[in-house]
Amino acid sequence: MVTAAEHPTRGAATDRAASGWLRRSGLRRRIAGLISLRWILLAVLLIGVLIYVPIVDNFRVSTTNRDIFTGEITNVGLANYERLLQDPVVWSALLNNTLYALLSIIFQVFGAFLLAAMIEGLKSKRARNFWRAMYFIPSAISTTVTGLLFYFIYQPDVGLLDAGLRAIGLGDWARPWLALEETAIFGIIAMSQWQGFGYSTLLFSIAIQKIPRELYDAAIMDGAGPIRRLWSITFPMSREMTGLMVIVTITGAFQVFNEIMVMTAGGPNNSSQVLGTWLYQQAFIQNEFGYGAAIAAVIFVVTMLTGAAQVWYTAKRRVKL
Amino acid sequence: MNKTSKMTAALWTGAMALATAQTAAAAGDLVKANPTAPVDYSGTLSIMTKFGSQHLSPFFRDVVDDYQKLHPEVSFELIQETDDSVKGKTKTLVATNSLPDIFFSWTGTWGYNFVRGNRAVDLTPVIGAGTDWGKTFTPAALEAFVWNDRNFGVPLYLDAKFMGYNKRIFADLGIEKPETLEQLLAACDTISESGMTPISFGNKNAWPAVHYAGQLLVYNVPVATLEKDFDPKTAEFTDPGYVTALTQFSELQNRCMRDAPNGMSYQAAIQAFSDERSAMYYQEILEFDGSANDETTLKPENFGYFILPVPEGAKGDTNAIEGAPEGYMVSASSAQIPLAIDFLKFLTSQEVGKVLSASPYGQPSAVIGGSDPDAMNANVVAGMADIDSASYLMPWLDTVNHPRVAAAWLAGLQALVGGSKSPEEVVISVRETAEAVGG
């Protein structure tokens, strides 16, 4: 191998001069940066082809009507979006997704935060580990299995829930939860909280563990009680995790699918449809791929806006140590 | 435009072109079967069945094994789906141009979709009415897979809906087999008074209610009107028989079924009948052997059936039964059409038909002589005779209608069952959907 110093046409002075020029112009750093890009090039290409191209293509498909049997594609402009605005099931599905998100934020973000704070406040390490594991176990079960489990729990004749209500004298509250239009979606949301609560609690526990103990010690010396410490230290110091959990929860709420299909298939009378299941119904049951793509576009925009808003808010209110 | 922008634009253009090409991939020209084409007994045949349930799934596995004994070089990929899952799976495979060599199909609009898209092989030269193979089928079953005067499907079995009942419970309560809908309602009252559920009904997936409605519609609406209304372009849904039929269904639900059918699955409801927790269950003839056998509480000797009784004053076809043959098509994109046809001939032989018709499968073969009454459940034999003598086979509402109209029926009837819509409102919602589809 011939080095620069040994090169017959390049003297040491020239080499130094060139090196100095490169350093001054920052070109060497730029070249090094470009060369290092090769390590992520494959990943960028894969993400581009598998994620971003389909996202863009989805918007194109949403402006067409495609007959899957004949393959005929008709450009319809924004007609699918106009139809979407007039489709009452889309609005009730959107409401269901929003309900899903709101209740999930209450239980899986703020409820889980409080529970994590309580668990991390326990003195015994064994007790902390035990309760973390106890709450996390439901998250380890697949959504489909959990859906089936709750489908049986909600059964009016043999289900545990109604039997339990009757056993404690609340028989008037017993009802066929999944069979009624007014209760079906709440039955599914409740199941989802049961399953997701432990996972959020575990993440908040990790966030709380990272908070420096000195802050609590100082607060105790200043006479702050547990609620004051929770509000003034734990909560603001967990804000980034809270923000992340809000994004994940809202995004998850707009992508919910499995539990609905297993428990109610969107019924009765489309009362428990969410945007994901309505999309599936339109595209794969009614052959309306263009309309399904328009619904998918709505889901994408909602989750993107929510994520962007939350990232902006969290960055603005970040606590720096 | 700088270099980077040009590269990005080129990349996006390429990606979009790729996506467009993929999406635009469509079916080709009509493919006709060649009766003289040589069969190459090698390679893999993919088959999508509707026999995914536990008690039916061994059938195709056994047939495939038997075929492989004759032709060891042929291998199979079996995709076994259920009543519910086969609908979504089929459409996904169509959308991605990945239909298996042989695939299940209903008759009516469902099957016609494959025809108009040139997705199914025109089998007329090999199975048409005058051919050797065609002559082996019950003519009505073969005819059900004809569109545009061409044969596109191979009927495998006949299906129809009957009310199964528990003879022991009826005898204990002194109830006679009902002859009219009014007698059935009175029988329900007696059974309810005994503390038992008269008819178990699981409508979580919405189509079970559609089956009740279909039979009552053909009793109350003239067939010519029904057939006109199946096509959104000519549909009106103005016949008063529609509301009458749905009102009768509501009455049946109120007096014969327990609360909350929308929260119960079809499987849970049939299990209740098999466990003798209900006295009746409205089921397909295909399910007779599954709902009463040696492993169920309800034993075959206590199982009886009757056609859903005709309401008094019915103005439609009172000798019609709701049902249709079900069968298989060959994918036009298959590279092994002669082999697929050869396998279908094997599948529809009299010997295989006798296995299919007998217990534990109990699927009445569409092949003439494809059943051995001595080896079959007597109720299935009698049910087949009822199907043969029916004046009209009323197709399933959810496969004969345009998908959006079918969805309106499904959601509307689920609302009727749940009490949030009246019969009139259901018919209006169906009518409005048909108008929107028909333009």
# chains A, B, ... in the order shown; residues from 1 in each chain; ligands from 1

call {"tool": "closest_atom_pairs", "arguments": {"of": "chain B", "to": "chain A", "cutoff": "6 Å", "atoms": "only C-alpha atoms", "output": "tab-separated table"}}
result
residue	atom	partner	partner_atom	distance
B:Ala26	CA	A:Gly71	CA	4.3
B:Ala27	CA	A:Thr70	CA	6.0
B:Gly88	CA	A:Phe284	CA	5.6
B:Lys91	CA	A:Phe284	CA	5.9
B:Ala95	CA	A:Ile68	CA	5.2
B:Gly117	CA	A:Thr70	CA	3.9
B:Ala260	CA	A:Ala179	CA	5.3
B:Asn262	CA	A:Ala179	CA	4.6
B:Gly263	CA	A:Ala179	CA	3.9
B:Pro403	CA	A:Gln286	CA	4.8
B:Arg404	CA	A:Gln286	CA	5.9
B:Ala411	CA	A:Asn269	CA	4.6
B:Gln414	CA	A:Asn269	CA	5.3
B:Ala415	CA	A:Asn269	CA	4.9

call {"tool": "select_by_dssp", "arguments": {"residues": "stretch 156-289 of chain B", "states": "strand (DSSP E or B)", "output": "JSON, numbers by chain"}}
result
{"B": [156, 157, 158, 159, 160, 161, 162, 163, 164, 165, 166, 180, 197, 198, 199, 278, 279, 280, 281, 282, 283, 284]}

call {"tool": "residues_around", "arguments": {"residues": "A:Thr314", "least_positions_apart": "5", "cutoff": "9 Å", "atoms": "only C-alpha atoms", "output": "NGL selection string"}}
result
:A and (239-240 or 242-244 or 309)

call {"tool": "residues_around", "arguments": {"residues": "B:Tyr165", "least_positions_apart": "4", "cutoff": "10 Å", "atoms": "only C-alpha atoms", "output": "VMD selection string"}}
result
chain B and resid 169 to 170 177 198 to 199 273 276 278 to 282 298 302 to 306

call {"tool": "write_last_selection", "arguments": {"atoms": "C-alpha atoms", "output": "mmCIF file, in the first residue's frame"}}
result
data_model
loop_
_atom_site.group_PDB
_atom_site.id
_atom_site.type_symbol
_atom_site.label_atom_id
_atom_site.label_comp_id
_atom_site.auth_asym_id
_atom_site.auth_seq_id
_atom_site.Cartn_x
_atom_site.Cartn_y
_atom_site.Cartn_z
ATOM 1 C CA ILE B 169 -88.068 -31.882 25.166
ATOM 2 C CA PHE B 170 -90.966 -31.503 22.751
ATOM 3 C CA LYS B 177 -93.936 -30.357 15.487
ATOM 4 C CA PRO B 198 -86.965 -22.199 23.249
ATOM 5 C CA ILE B 199 -84.494 -21.210 20.507
ATOM 6 C CA PHE B 273 -78.680 -26.609 21.653
ATOM 7 C CA GLU B 276 -79.826 -29.455 25.676
ATOM 8 C CA SER B 278 -82.264 -24.917 24.402
ATOM 9 C CA ALA B 279 -85.036 -26.771 22.615
ATOM 10 C CA MET B 280 -84.417 -25.537 19.089
ATOM 11 C CA TYR B 281 -81.732 -24.093 16.885
ATOM 12 C CA TYR B 282 -82.037 -22.698 13.349
ATOM 13 C CA LEU B 298 -78.291 -34.133 22.495
ATOM 14 C CA ASN B 302 -83.511 -37.052 19.897
ATOM 15 C CA PHE B 303 -82.722 -34.691 17.028
ATOM 16 C CA GLY B 304 -85.494 -33.682 14.662
ATOM 17 C CA TYR B 305 -85.946 -30.845 12.228
ATOM 18 C CA PHE B 306 -88.601 -28.919 10.367
#

call {"tool": "closest_atom_pairs", "arguments": {"of": "stretch 222-261 of chain A", "to": "stretch 185-206 of chain A", "cutoff": "8 Å", "atoms": "only C-alpha atoms", "output": "JSON lines"}}
result
{"residue": "A:Ser238", "atom": "CA", "partner": "A:Phe204", "partner_atom": "CA", "distance": 7.5}
{"residue": "A:Met241", "atom": "CA", "partner": "A:Phe204", "partner_atom": "CA", "distance": 6.9}
{"residue": "A:Thr242", "atom": "CA", "partner": "A:Phe204", "partner_atom": "CA", "distance": 7.9}
{"residue": "A:Met245", "atom": "CA", "partner": "A:Ser200", "partner_atom": "CA", "distance": 7.4}
{"residue": "A:Glu259", "atom": "CA", "partner": "A:Ile188", "partner_atom": "CA", "distance": 6.9}
{"residue": "A:Ile260", "atom": "CA", "partner": "A:Ile188", "partner_atom": "CA", "distance": 6.9}

call {"tool": "write_last_selection", "arguments": {"atoms": "all heavy atoms", "output": "PDB file, in the first residue's frame"}}
result
ATOM      1  N   SER A 238     -41.277  13.370  35.791  1.00  0.00           N
ATOM      2  CA  SER A 238     -41.699  12.256  34.914  1.00  0.00           C
ATOM      3  C   SER A 238     -42.397  12.772  33.667  1.00  0.00           C
ATOM      4  O   SER A 238     -43.052  12.009  32.952  1.00  0.00           O
ATOM      5  CB  SER A 238     -42.663  11.319  35.662  1.00  0.00           C
ATOM      6  OG  SER A 238     -42.153  10.941  36.882  1.00  0.00           O
ATOM      7  N   MET A 241     -41.773  11.072  30.319  1.00  0.00           N
ATOM      8  CA  MET A 241     -42.409   9.756  30.217  1.00  0.00           C
ATOM      9  C   MET A 241     -43.922   9.924  30.075  1.00  0.00           C
ATOM     10  O   MET A 241     -44.568   9.208  29.298  1.00  0.00           O
ATOM     11  CB  MET A 241     -42.079   8.920  31.467  1.00  0.00           C
ATOM     12  CG  MET A 241     -42.747   7.557  31.488  1.00  0.00           C
ATOM     13  SD  MET A 241     -42.317   6.527  30.061  1.00  0.00           S
ATOM     14  CE  MET A 241     -40.707   5.938  30.532  1.00  0.00           C
ATOM     15  N   THR A 242     -44.488  10.880  30.796  1.00  0.00           N
ATOM     16  CA  THR A 242     -45.932  11.124  30.683  1.00  0.00           C
ATOM     17  C   THR A 242     -46.288  11.516  29.250  1.00  0.00           C
ATOM     18  O   THR A 242     -47.258  11.011  28.675  1.00  0.00           O
ATOM     19  CB  THR A 242     -46.369  12.245  31.650  1.00  0.00           C
ATOM     20  OG1 THR A 242     -45.863  11.935  32.939  1.00  0.00           O
ATOM     21  CG2 THR A 242     -47.877  12.370  31.716  1.00  0.00           C
ATOM     22  N   MET A 245     -46.079   8.537  27.070  1.00  0.00           N
ATOM     23  CA  MET A 245     -47.197   7.622  27.295  1.00  0.00           C
ATOM     24  C   MET A 245     -48.494   8.162  26.689  1.00  0.00           C
ATOM     25  O   MET A 245     -49.323   7.397  26.208  1.00  0.00           O
ATOM     26  CB  MET A 245     -47.403   7.366  28.801  1.00  0.00           C
ATOM     27  CG  MET A 245     -46.310   6.530  29.446  1.00  0.00           C
ATOM     28  SD  MET A 245     -46.019   4.975  28.581  1.00  0.00           S
ATOM     29  CE  MET A 245     -47.592   4.193  28.753  1.00  0.00           C
ATOM     30  N   GLU A 259     -59.154  -6.419  19.669  1.00  0.00           N
ATOM     31  CA  GLU A 259     -60.132  -6.638  20.739  1.00  0.00           C
ATOM     32  C   GLU A 259     -61.560  -6.415  20.252  1.00  0.00           C
ATOM     33  O   GLU A 259     -62.490  -7.111  20.658  1.00  0.00           O
ATOM     34  CB  GLU A 259     -59.836  -5.786  21.979  1.00  0.00           C
ATOM     35  CG  GLU A 259     -59.461  -4.341  21.734  1.00  0.00           C
ATOM     36  CD  GLU A 259     -57.966  -4.158  21.529  1.00  0.00           C
ATOM     37  OE1 GLU A 259     -57.476  -4.639  20.489  1.00  0.00           O
ATOM     38  OE2 GLU A 259     -57.310  -3.509  22.353  1.00  0.00           O
ATOM     39  N   ILE A 260     -61.726  -5.441  19.327  1.00  0.00           N
ATOM     40  CA  ILE A 260     -63.062  -5.178  18.785  1.00  0.00           C
ATOM     41  C   ILE A 260     -63.519  -6.377  17.950  1.00  0.00           C
ATOM     42  O   ILE A 260     -64.646  -6.859  18.098  1.00  0.00           O
ATOM     43  CB  ILE A 260     -63.052  -3.928  17.869  1.00  0.00           C
ATOM     44  CG1 ILE A 260     -62.477  -2.725  18.601  1.00  0.00           C
ATOM     45  CG2 ILE A 260     -64.447  -3.648  17.308  1.00  0.00           C
ATOM     46  CD1 ILE A 260     -63.389  -1.953  19.453  1.00  0.00           C
TER      47      ILE A 260
END

call {"tool": "residues_around", "arguments": {"residues": "A:Ser62", "least_positions_apart": "2", "cutoff": "10 Å", "atoms": "only C-alpha atoms", "output": "ChimeraX atom specification"}}
result
/A:57-60,64-66,75-81,288-297

call {"tool": "select_by_dssp", "arguments": {"residues": "stretch 103-248 of chain B", "states": "alpha helix (DSSP H)", "output": "short mmCIF file (atom, residue, chain, number, x, y, z; two decimals) with C-alpha atoms, in the first residue's frame"}}
result
data_model
loop_
_atom_site.label_atom_id
_atom_site.label_comp_id
_atom_site.auth_asym_id
_atom_site.auth_seq_id
_atom_site.Cartn_x
_atom_site.Cartn_y
_atom_site.Cartn_z
CA GLY B 108 -75.06 -15.47 -6.33
CA THR B 109 -73.22 -12.16 -6.38
CA TRP B 110 -70.30 -13.65 -4.47
CA GLY B 111 -69.49 -16.11 -7.24
CA TYR B 112 -70.33 -13.66 -10.02
CA ASN B 113 -67.59 -11.32 -8.77
CA PHE B 114 -64.99 -13.89 -9.80
CA VAL B 115 -66.69 -14.26 -13.18
CA ARG B 116 -66.91 -10.58 -14.08
CA THR B 124 -68.08 -25.08 -19.56
CA PRO B 125 -66.08 -27.35 -21.92
CA VAL B 126 -65.49 -29.86 -19.10
CA ILE B 127 -68.51 -29.52 -16.81
CA PRO B 139 -78.87 -30.15 -12.44
CA ALA B 140 -80.04 -27.40 -10.07
CA ALA B 141 -76.72 -27.46 -8.25
CA LEU B 142 -74.77 -27.21 -11.49
CA GLU B 143 -77.06 -24.43 -12.74
CA LYS B 167 -87.63 -34.38 20.25
CA ARG B 168 -87.34 -35.40 23.90
CA ILE B 169 -88.07 -31.88 25.17
CA PHE B 170 -90.97 -31.50 22.75
CA ALA B 171 -92.39 -34.86 23.87
CA ASP B 172 -91.93 -34.06 27.58
CA LEU B 181 -95.38 -19.91 12.40
CA GLU B 182 -98.17 -19.25 14.87
CA GLN B 183 -97.89 -22.81 16.19
CA LEU B 184 -94.15 -22.36 16.55
CA LEU B 185 -94.72 -19.20 18.61
CA ALA B 186 -97.19 -21.06 20.82
CA ALA B 187 -94.65 -23.87 21.26
CA CYS B 188 -92.09 -21.27 22.32
CA ASP B 189 -94.48 -19.98 24.98
CA THR B 190 -94.87 -23.49 26.40
CA ILE B 191 -91.12 -24.11 26.40
CA SER B 192 -90.46 -20.73 28.04
CA GLU B 193 -92.92 -21.56 30.81
CA TRP B 207 -75.47 -13.07 9.66
CA PRO B 208 -77.56 -15.53 11.75
CA ALA B 209 -80.39 -12.96 11.84
CA VAL B 210 -80.03 -12.55 8.10
CA HIS B 211 -80.79 -16.26 7.69
CA TYR B 212 -84.05 -15.98 9.61
CA ALA B 213 -84.96 -12.92 7.60
CA GLY B 214 -84.15 -14.63 4.30
CA GLN B 215 -86.59 -17.49 4.88
CA LEU B 216 -89.34 -15.15 6.11
CA LEU B 217 -88.77 -12.80 3.18
CA VAL B 218 -89.28 -15.52 0.60
CA TYR B 219 -92.52 -16.47 2.39
CA ASN B 220 -93.77 -12.88 2.31
CA VAL B 223 -89.73 -14.23 -5.76
CA ALA B 224 -89.79 -11.97 -8.84
CA THR B 225 -89.73 -8.93 -6.56
CA LEU B 226 -86.92 -10.35 -4.46
CA GLU B 227 -84.79 -11.08 -7.49
CA LYS B 228 -85.39 -7.60 -8.87
CA ASP B 229 -84.34 -6.15 -5.52
CA PHE B 230 -81.13 -8.21 -5.40
CA PRO B 240 -94.93 -4.48 2.12
CA GLY B 241 -93.81 -8.09 2.59
CA TYR B 242 -90.40 -6.85 3.73
CA VAL B 243 -91.80 -5.12 6.78
CA THR B 244 -94.19 -8.02 7.41
CA ALA B 245 -91.32 -10.52 7.38
CA LEU B 246 -89.20 -8.47 9.75
CA THR B 247 -92.16 -7.95 12.06
CA GLN B 248 -92.63 -11.72 12.15
#

call {"tool": "closest_residue", "arguments": {"among": "B:Ala408, B:Val417, B:Leu45, B:Val400", "to": "B:Asp231", "atoms": "only C-alpha atoms"}}
result
B:Val400

call {"tool": "residues_around", "arguments": {"residues": "B:Val154", "least_positions_apart": "2", "cutoff": "8 Å", "atoms": "only C-alpha atoms", "output": "list in words"}}
result
Ile127, Leu142, Phe145, Phe152, Leu156, Gly327, Tyr328, Met329 and Leu344 of chain B

call {"tool": "write_last_selection", "arguments": {"atoms": "N, CA, C and O atoms", "output": "PDB file, in the first residue's frame"}}
result
ATOM      1  N   ILE B 127     -67.450 -29.219 -17.772  1.00  0.00           N
ATOM      2  CA  ILE B 127     -68.505 -29.522 -16.808  1.00  0.00           C
ATOM      3  C   ILE B 127     -69.885 -29.039 -17.285  1.00  0.00           C
ATOM      4  O   ILE B 127     -70.877 -29.165 -16.555  1.00  0.00           O
ATOM      5  N   LEU B 142     -75.687 -27.632 -10.423  1.00  0.00           N
ATOM      6  CA  LEU B 142     -74.773 -27.213 -11.491  1.00  0.00           C
ATOM      7  C   LEU B 142     -75.185 -25.839 -12.026  1.00  0.00           C
ATOM      8  O   LEU B 142     -74.359 -24.955 -12.256  1.00  0.00           O
ATOM      9  N   PHE B 145     -74.127 -22.410 -10.505  1.00  0.00           N
ATOM     10  CA  PHE B 145     -72.801 -21.847 -10.778  1.00  0.00           C
ATOM     11  C   PHE B 145     -72.655 -21.404 -12.236  1.00  0.00           C
ATOM     12  O   PHE B 145     -71.548 -21.346 -12.756  1.00  0.00           O
ATOM     13  N   PHE B 152     -68.929 -21.836 -14.228  1.00  0.00           N
ATOM     14  CA  PHE B 152     -67.681 -21.367 -13.612  1.00  0.00           C
ATOM     15  C   PHE B 152     -67.364 -22.064 -12.290  1.00  0.00           C
ATOM     16  O   PHE B 152     -66.332 -21.803 -11.701  1.00  0.00           O
ATOM     17  N   LEU B 156     -70.208 -28.754  -4.749  1.00  0.00           N
ATOM     18  CA  LEU B 156     -69.740 -29.903  -3.953  1.00  0.00           C
ATOM     19  C   LEU B 156     -70.872 -30.466  -3.090  1.00  0.00           C
ATOM     20  O   LEU B 156     -71.020 -31.668  -2.970  1.00  0.00           O
ATOM     21  N   GLY B 327     -69.658 -24.549  -3.586  1.00  0.00           N
ATOM     22  CA  GLY B 327     -68.702 -25.304  -4.394  1.00  0.00           C
ATOM     23  C   GLY B 327     -67.367 -24.616  -4.547  1.00  0.00           C
ATOM     24  O   GLY B 327     -66.993 -23.758  -3.745  1.00  0.00           O
ATOM     25  N   TYR B 328     -66.690 -24.984  -5.613  1.00  0.00           N
ATOM     26  CA  TYR B 328     -65.309 -24.541  -5.802  1.00  0.00           C
ATOM     27  C   TYR B 328     -65.075 -24.049  -7.225  1.00  0.00           C
ATOM     28  O   TYR B 328     -65.761 -24.479  -8.151  1.00  0.00           O
ATOM     29  N   MET B 329     -64.134 -23.141  -7.349  1.00  0.00           N
ATOM     30  CA  MET B 329     -63.752 -22.601  -8.654  1.00  0.00           C
ATOM     31  C   MET B 329     -62.255 -22.818  -8.865  1.00  0.00           C
ATOM     32  O   MET B 329     -61.515 -23.031  -7.894  1.00  0.00           O
ATOM     33  N   LEU B 344     -60.570 -31.874  -8.904  1.00  0.00           N
ATOM     34  CA  LEU B 344     -61.988 -31.596  -8.639  1.00  0.00           C
ATOM     35  C   LEU B 344     -62.878 -32.759  -9.113  1.00  0.00           C
ATOM     36  O   LEU B 344     -63.902 -33.053  -8.496  1.00  0.00           O
TER      37      LEU B 344
END

call {"tool": "residues_around", "arguments": {"residues": "B:Ile337", "least_positions_apart": "2", "cutoff": "10 Å", "atoms": "only C-alpha atoms", "output": "VMD selection string"}}
result
chain B and resid 31 to 34 37 39 to 40 45 101 to 102 121 330 to 335 339 to 343

call {"tool": "write_last_selection", "arguments": {"atoms": "all heavy atoms", "output": "compact mmCIF listing (two decimals), in the first residue's frame"}}
result
# COMPACT_ATOMS: atom_id res chain seq x y z
N VAL B 31 -60.30 -17.17 -19.21
CA VAL B 31 -59.54 -18.40 -19.43
C VAL B 31 -60.53 -19.56 -19.50
O VAL B 31 -61.36 -19.73 -18.61
CB VAL B 31 -58.54 -18.64 -18.27
CG1 VAL B 31 -57.82 -19.97 -18.45
CG2 VAL B 31 -57.54 -17.49 -18.19
N LYS B 32 -60.45 -20.32 -20.59
CA LYS B 32 -61.36 -21.46 -20.76
C LYS B 32 -60.63 -22.76 -20.52
O LYS B 32 -59.48 -22.93 -20.95
CB LYS B 32 -61.96 -21.46 -22.18
CG LYS B 32 -62.93 -20.33 -22.43
CD LYS B 32 -63.53 -20.45 -23.81
CE LYS B 32 -64.49 -19.28 -24.08
NZ LYS B 32 -65.02 -19.29 -25.41
N ALA B 33 -61.34 -23.67 -19.89
CA ALA B 33 -60.74 -24.98 -19.65
C ALA B 33 -60.65 -25.74 -20.97
O ALA B 33 -61.55 -25.64 -21.80
CB ALA B 33 -61.60 -25.76 -18.66
N ASN B 34 -59.57 -26.48 -21.14
CA ASN B 34 -59.38 -27.28 -22.34
C ASN B 34 -59.59 -28.75 -21.98
O ASN B 34 -58.78 -29.34 -21.26
CB ASN B 34 -57.96 -27.04 -22.88
CG ASN B 34 -57.68 -27.88 -24.10
OD1 ASN B 34 -58.55 -28.61 -24.58
ND2 ASN B 34 -56.46 -27.78 -24.60
N ALA B 37 -56.56 -31.05 -22.66
CA ALA B 37 -55.23 -30.70 -22.15
C ALA B 37 -54.67 -31.85 -21.30
O ALA B 37 -55.38 -32.39 -20.46
CB ALA B 37 -55.32 -29.43 -21.30
N VAL B 39 -52.78 -33.82 -18.37
CA VAL B 39 -52.61 -33.50 -16.94
C VAL B 39 -51.19 -33.87 -16.53
O VAL B 39 -50.75 -35.00 -16.73
CB VAL B 39 -53.63 -34.29 -16.08
CG1 VAL B 39 -53.44 -33.94 -14.61
CG2 VAL B 39 -55.04 -34.00 -16.54
N ASP B 40 -50.50 -32.91 -15.97
CA ASP B 40 -49.16 -33.15 -15.46
C ASP B 40 -49.29 -33.45 -13.96
O ASP B 40 -49.55 -32.57 -13.16
CB ASP B 40 -48.31 -31.89 -15.70
CG ASP B 40 -46.91 -32.03 -15.11
OD1 ASP B 40 -46.56 -33.16 -14.68
OD2 ASP B 40 -46.18 -31.03 -15.07
N LEU B 45 -50.59 -28.13 -5.63
CA LEU B 45 -51.90 -27.50 -5.82
C LEU B 45 -52.29 -26.81 -4.53
O LEU B 45 -52.26 -27.42 -3.46
CB LEU B 45 -52.96 -28.56 -6.12
CG LEU B 45 -53.30 -28.91 -7.56
CD1 LEU B 45 -54.48 -29.88 -7.58
CD2 LEU B 45 -53.64 -27.67 -8.39
N ASP B 101 -55.01 -22.17 -6.39
CA ASP B 101 -55.43 -22.83 -7.63
C ASP B 101 -56.92 -23.16 -7.60
O ASP B 101 -57.62 -23.01 -8.59
CB ASP B 101 -54.63 -24.14 -7.83
CG ASP B 101 -53.15 -23.86 -8.01
OD1 ASP B 101 -52.82 -23.07 -8.90
OD2 ASP B 101 -52.35 -24.39 -7.23
N ILE B 102 -57.39 -23.65 -6.43
CA ILE B 102 -58.80 -24.00 -6.27
C ILE B 102 -59.31 -23.24 -5.05
O ILE B 102 -58.66 -23.24 -4.01
CB ILE B 102 -58.95 -25.52 -6.04
CG1 ILE B 102 -58.43 -26.29 -7.27
CG2 ILE B 102 -60.40 -25.89 -5.75
CD1 ILE B 102 -58.32 -27.80 -7.05
N VAL B 121 -61.83 -19.82 -13.93
CA VAL B 121 -61.74 -20.49 -15.24
C VAL B 121 -63.15 -20.85 -15.72
O VAL B 121 -63.99 -21.31 -14.93
CB VAL B 121 -60.88 -21.77 -15.11
CG1 VAL B 121 -60.92 -22.57 -16.42
CG2 VAL B 121 -59.45 -21.41 -14.75
N VAL B 330 -61.83 -22.72 -10.10
CA VAL B 330 -60.41 -22.83 -10.42
C VAL B 330 -59.90 -21.44 -10.78
O VAL B 330 -60.54 -20.74 -11.58
CB VAL B 330 -60.18 -23.80 -11.61
CG1 VAL B 330 -58.70 -23.85 -11.97
CG2 VAL B 330 -60.69 -25.19 -11.27
N SER B 331 -58.81 -21.05 -10.19
CA SER B 331 -58.27 -19.71 -10.44
C SER B 331 -57.76 -19.60 -11.87
O SER B 331 -57.02 -20.47 -12.35
CB SER B 331 -57.13 -19.43 -9.46
OG SER B 331 -56.45 -18.26 -9.85
N ALA B 332 -58.13 -18.50 -12.51
CA ALA B 332 -57.69 -18.28 -13.89
C ALA B 332 -56.19 -18.05 -13.95
O ALA B 332 -55.58 -18.20 -15.01
CB ALA B 332 -58.42 -17.07 -14.47
N SER B 333 -55.58 -17.70 -12.83
CA SER B 333 -54.13 -17.48 -12.84
C SER B 333 -53.35 -18.73 -12.45
O SER B 333 -52.13 -18.69 -12.32
CB SER B 333 -53.78 -16.32 -11.91
OG SER B 333 -54.19 -16.63 -10.60
N SER B 334 -54.06 -19.83 -12.26
CA SER B 334 -53.39 -21.07 -11.89
C SER B 334 -52.51 -21.55 -13.05
O SER B 334 -52.90 -21.51 -14.21
CB SER B 334 -54.42 -22.15 -11.55
OG SER B 334 -53.80 -23.41 -11.44
N ALA B 335 -51.34 -22.05 -12.68
CA ALA B 335 -50.44 -22.60 -13.70
C ALA B 335 -50.75 -24.07 -13.94
O ALA B 335 -50.12 -24.70 -14.79
CB ALA B 335 -49.00 -22.42 -13.25
N LEU B 339 -54.55 -30.04 -13.87
CA LEU B 339 -54.39 -30.81 -12.63
C LEU B 339 -55.49 -30.42 -11.63
O LEU B 339 -56.07 -31.29 -10.95
CB LEU B 339 -53.00 -30.55 -12.03
CG LEU B 339 -52.68 -31.31 -10.74
CD1 LEU B 339 -52.67 -32.81 -11.00
CD2 LEU B 339 -51.33 -30.87 -10.18
N ALA B 340 -55.79 -29.13 -11.56
CA ALA B 340 -56.85 -28.67 -10.63
C ALA B 340 -58.19 -29.30 -11.02
O ALA B 340 -58.95 -29.75 -10.15
CB ALA B 340 -56.94 -27.14 -10.67
N ILE B 341 -58.47 -29.34 -12.31
CA ILE B 341 -59.74 -29.94 -12.77
C ILE B 341 -59.75 -31.44 -12.46
O ILE B 341 -60.75 -31.99 -12.01
CB ILE B 341 -59.94 -29.67 -14.28
CG1 ILE B 341 -60.18 -28.17 -14.49
CG2 ILE B 341 -61.10 -30.48 -14.84
CD1 ILE B 341 -60.18 -27.74 -15.95
N ASP B 342 -58.61 -32.08 -12.65
CA ASP B 342 -58.52 -33.52 -12.37
C ASP B 342 -58.80 -33.78 -10.89
O ASP B 342 -59.52 -34.71 -10.53
CB ASP B 342 -57.13 -34.03 -12.74
CG ASP B 342 -57.07 -35.54 -12.69
OD1 ASP B 342 -57.62 -36.18 -13.60
OD2 ASP B 342 -56.50 -36.10 -11.71
N PHE B 343 -58.24 -32.94 -10.03
CA PHE B 343 -58.49 -33.11 -8.59
C PHE B 343 -59.96 -32.89 -8.26
O PHE B 343 -60.57 -33.62 -7.47
CB PHE B 343 -57.62 -32.15 -7.76
CG PHE B 343 -57.94 -32.21 -6.30
CD1 PHE B 343 -57.49 -33.25 -5.51
CD2 PHE B 343 -58.75 -31.23 -5.71
CE1 PHE B 343 -57.83 -33.33 -4.16
CE2 PHE B 343 -59.09 -31.30 -4.38
CZ PHE B 343 -58.63 -32.35 -3.59

call {"tool": "closest_residue", "arguments": {"among": "B:Val94, B:Leu158, B:Leu410, B:Val427", "to": "B:Val381", "atoms": "only C-alpha atoms"}}
result
B:Leu158
